[in-house]
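Engineer: Pasting data37.tsv below, which is TSV, N, CA and C atoms.
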chain	number	residue	atom	x	y	z
A	1	MET	N	121.65	98.73	116.86
A	1	MET	CA	120.40	98.36	116.21
A	1	MET	C	119.93	99.52	115.32
A	2	GLN	N	119.54	99.20	114.10
A	2	GLN	CA	119.12	100.21	113.14
A	2	GLN	C	117.69	100.66	113.44
A	3	GLN	N	117.46	101.97	113.40
A	3	GLN	CA	116.13	102.53	113.61
A	3	GLN	C	115.45	102.70	112.26
A	4	TYR	N	114.22	102.23	112.15
A	4	TYR	CA	113.48	102.32	110.90
A	4	TYR	C	112.55	103.52	110.93
A	5	GLN	N	112.34	104.10	109.76
A	5	GLN	CA	111.43	105.23	109.63
A	5	GLN	C	110.00	104.70	109.59
A	6	ARG	N	109.16	105.26	110.43
A	6	ARG	CA	107.74	104.87	110.44
A	6	ARG	C	107.02	105.67	109.36
A	7	ARG	N	106.25	104.98	108.53
A	7	ARG	CA	105.53	105.65	107.44
A	7	ARG	C	104.03	105.42	107.57
A	8	GLU	N	103.28	106.42	107.23
A	8	GLU	CA	101.82	106.33	107.20
A	8	GLU	C	101.39	105.82	105.82
A	9	VAL	N	100.12	105.48	105.69
A	9	VAL	CA	99.60	104.94	104.43
A	9	VAL	C	99.88	105.91	103.28
A	10	GLN	N	99.63	107.19	103.48
A	10	GLN	CA	99.84	108.17	102.40
A	10	GLN	C	101.31	108.23	102.00
A	11	ASP	N	102.21	108.07	102.96
A	11	ASP	CA	103.65	108.03	102.65
A	11	ASP	C	103.95	106.87	101.71
A	12	TRP	N	103.37	105.69	102.00
A	12	TRP	CA	103.60	104.52	101.15
A	12	TRP	C	102.99	104.75	99.76
A	13	LEU	N	101.80	105.31	99.71
A	13	LEU	CA	101.18	105.57	98.41
A	13	LEU	C	102.05	106.50	97.57
A	14	ASN	N	102.62	107.51	98.20
A	14	ASN	CA	103.53	108.43	97.50
A	14	ASN	C	104.78	107.70	97.02
A	15	LEU	N	105.33	106.84	97.86
A	15	LEU	CA	106.51	106.08	97.45
A	15	LEU	C	106.20	105.14	96.29
A	16	PHE	N	105.03	104.50	96.33
A	16	PHE	CA	104.65	103.61	95.24
A	16	PHE	C	104.55	104.38	93.92
A	17	GLU	N	103.99	105.57	93.99
A	17	GLU	CA	103.88	106.40	92.78
A	17	GLU	C	105.26	106.82	92.28
A	18	GLN	N	106.15	107.19	93.20
A	18	GLN	CA	107.52	107.56	92.82
A	18	GLN	C	108.23	106.39	92.16
A	19	GLN	N	108.03	105.19	92.71
A	19	GLN	CA	108.66	104.00	92.14
A	19	GLN	C	108.15	103.76	90.73
A	20	LYS	N	106.85	103.89	90.56
A	20	LYS	CA	106.23	103.66	89.24
A	20	LYS	C	106.81	104.64	88.22
A	21	GLN	N	106.94	105.90	88.60
A	21	GLN	CA	107.45	106.92	87.69
A	21	GLN	C	108.95	106.81	87.46
A	22	SER	N	109.66	106.17	88.37
A	22	SER	CA	111.12	106.09	88.26
A	22	SER	C	111.58	105.14	87.15
A	23	GLY	N	110.72	104.17	86.80
A	23	GLY	CA	111.13	103.18	85.82
A	23	GLY	C	111.96	102.06	86.41
A	24	LEU	N	112.25	102.14	87.69
A	24	LEU	CA	113.01	101.10	88.38
A	24	LEU	C	112.07	99.99	88.84
A	25	THR	N	112.62	98.79	89.01
A	25	THR	CA	111.82	97.74	89.63
A	25	THR	C	111.62	98.10	91.08
A	26	ALA	N	110.67	97.44	91.72
A	26	ALA	CA	110.42	97.70	93.14
A	26	ALA	C	111.66	97.43	93.97
A	27	VAL	N	112.37	96.36	93.66
A	27	VAL	CA	113.59	96.02	94.41
A	27	VAL	C	114.66	97.09	94.21
A	28	GLU	N	114.87	97.51	92.97
A	28	GLU	CA	115.88	98.55	92.70
A	28	GLU	C	115.53	99.85	93.40
A	29	PHE	N	114.25	100.23	93.33
A	29	PHE	CA	113.82	101.47	93.97
A	29	PHE	C	114.02	101.41	95.48
A	30	CYS	N	113.64	100.29	96.08
A	30	CYS	CA	113.80	100.14	97.53
A	30	CYS	C	115.27	100.21	97.92
A	31	ARG	N	116.13	99.57	97.16
A	31	ARG	CA	117.56	99.65	97.46
A	31	ARG	C	118.07	101.08	97.34
A	32	GLN	N	117.67	101.77	96.28
A	32	GLN	CA	118.10	103.15	96.06
A	32	GLN	C	117.62	104.07	97.19
A	33	GLN	N	116.41	103.85	97.65
A	33	GLN	CA	115.83	104.68	98.70
A	33	GLN	C	116.14	104.15	100.11
A	34	GLN	N	116.90	103.06	100.16
A	34	GLN	CA	117.26	102.41	101.43
A	34	GLN	C	116.01	102.03	102.23
A	35	ILE	N	115.06	101.41	101.52
A	35	ILE	CA	113.83	100.93	102.13
A	35	ILE	C	113.96	99.43	102.33
A	36	ASN	N	113.75	98.99	103.56
A	36	ASN	CA	113.77	97.56	103.84
A	36	ASN	C	112.51	96.96	103.25
A	37	ALA	N	112.65	96.06	102.30
A	37	ALA	CA	111.51	95.52	101.57
A	37	ALA	C	110.75	94.46	102.36
A	38	GLN	N	111.22	94.11	103.54
A	38	GLN	CA	110.50	93.14	104.35
A	38	GLN	C	109.37	93.85	105.09
A	39	LEU	N	108.20	93.25	105.06
A	39	LEU	CA	107.04	93.83	105.73
A	39	LEU	C	106.83	93.13	107.06
A	40	THR	N	106.94	93.87	108.13
A	40	THR	CA	106.63	93.35	109.45
A	40	THR	C	105.50	94.21	110.00
A	41	VAL	N	104.54	93.56	110.59
A	41	VAL	CA	103.37	94.25	111.08
A	41	VAL	C	103.25	94.03	112.58
A	42	PRO	N	103.27	95.10	113.36
A	42	PRO	CA	103.08	94.95	114.81
A	42	PRO	C	101.69	94.38	115.11
A	43	THR	N	101.57	93.69	116.22
A	43	THR	CA	100.29	93.06	116.56
A	43	THR	C	99.22	94.07	116.92
A	44	ASN	N	99.60	95.29	117.28
A	44	ASN	CA	98.59	96.28	117.68
A	44	ASN	C	98.18	97.22	116.54
A	45	ILE	N	98.52	96.86	115.30
A	45	ILE	CA	98.22	97.72	114.16
A	45	ILE	C	96.76	97.55	113.73
A	46	ASN	N	96.18	98.59	113.21
A	46	ASN	CA	94.81	98.56	112.72
A	46	ASN	C	94.71	97.66	111.49
A	47	PRO	N	93.85	96.64	111.51
A	47	PRO	CA	93.74	95.72	110.36
A	47	PRO	C	93.36	96.43	109.06
A	48	HIS	N	92.58	97.51	109.15
A	48	HIS	CA	92.21	98.26	107.94
A	48	HIS	C	93.45	98.84	107.27
A	49	TRP	N	94.39	99.34	108.06
A	49	TRP	CA	95.63	99.90	107.52
A	49	TRP	C	96.41	98.82	106.79
A	50	VAL	N	96.51	97.64	107.38
A	50	VAL	CA	97.24	96.52	106.75
A	50	VAL	C	96.57	96.15	105.43
A	51	ALA	N	95.25	96.07	105.41
A	51	ALA	CA	94.52	95.73	104.18
A	51	ALA	C	94.77	96.78	103.10
A	52	THR	N	94.80	98.05	103.48
A	52	THR	CA	95.06	99.12	102.52
A	52	THR	C	96.44	98.98	101.90
A	53	VAL	N	97.43	98.72	102.73
A	53	VAL	CA	98.80	98.55	102.23
A	53	VAL	C	98.89	97.32	101.32
A	54	MET	N	98.31	96.21	101.74
A	54	MET	CA	98.38	94.99	100.93
A	54	MET	C	97.66	95.17	99.59
A	55	ASN	N	96.53	95.87	99.59
A	55	ASN	CA	95.83	96.14	98.32
A	55	ASN	C	96.69	97.01	97.42
A	56	THR	N	97.40	97.96	98.00
A	56	THR	CA	98.29	98.81	97.22
A	56	THR	C	99.41	97.98	96.61
A	57	PHE	N	99.96	97.03	97.39
A	57	PHE	CA	100.99	96.14	96.85
A	57	PHE	C	100.47	95.41	95.63
A	58	ARG	N	99.24	94.95	95.69
A	58	ARG	CA	98.65	94.22	94.55
A	58	ARG	C	98.46	95.14	93.36
A	59	ILE	N	97.99	96.36	93.59
A	59	ILE	CA	97.76	97.32	92.51
A	59	ILE	C	99.06	97.58	91.76
A	60	PHE	N	100.16	97.74	92.50
A	60	PHE	CA	101.45	98.06	91.88
A	60	PHE	C	102.27	96.81	91.60
A	61	LYS	N	101.62	95.64	91.73
A	61	LYS	CA	102.22	94.35	91.36
A	61	LYS	C	103.51	94.05	92.12
A	62	PHE	N	103.51	94.34	93.42
A	62	PHE	CA	104.64	93.96	94.28
A	62	PHE	C	104.50	92.50	94.70
A	63	VAL	N	103.24	92.01	94.77
A	63	VAL	CA	103.04	90.61	95.17
A	63	VAL	C	102.15	89.95	94.14
Please express the file's structure as structure tokens.
Structural biologist:
Amino acid sequence: MQQYQRREVQDWLNLFEQQKQSGLTAVEFCRQQQINAQLTVPTNINPHWVATVMNTFRIFKFV
């Protein structure tokens, strides 16, 4: 079973900025960085954190 890297909100914000500056599409960047583009949210996660991530996705036009 593959172990995934746990990232904090600031880590995601940094990755989004790197993707934007790279000139790659989100899919290309995720493949290059070996980031699983599927979003799974544990049931015990803080709803504010999820909202922050989803708003960031909208800002960077991932969804």
Engineer: Tell me which protein, DNA and RNA residues are within 12 Å of A:Ile45, counting only C-alpha atoms, leaving out same-chain ones fewer than 6 positions away, and put them as number ranges by chain.
Structural biologist: A: 8, 51, 53
Engineer: Quote the spacing between atom C of A:Val27 and atom CA of A:Leu15 in Å to one decimal place.
Structural biologist: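 Between atom C of A:Val27 and atom CA of A:Leu15 the gap works out to 12.6 Å.
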Engineer: What does the distance from atom N of A:Arg6 to atom C of A:His48 come to in Å, to one decimal?
Structural biologist: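 Atom-to-atom, atom N of A:Arg6 and atom C of A:His48 are spaced 17.3 Å apart.
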Engineer: Rounded to one decimal place, report the atom C of A:Trp12-atom N of A:Asn44 distance in Å.
Structural biologist: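 Interatomic distance here is 20.2 Å.
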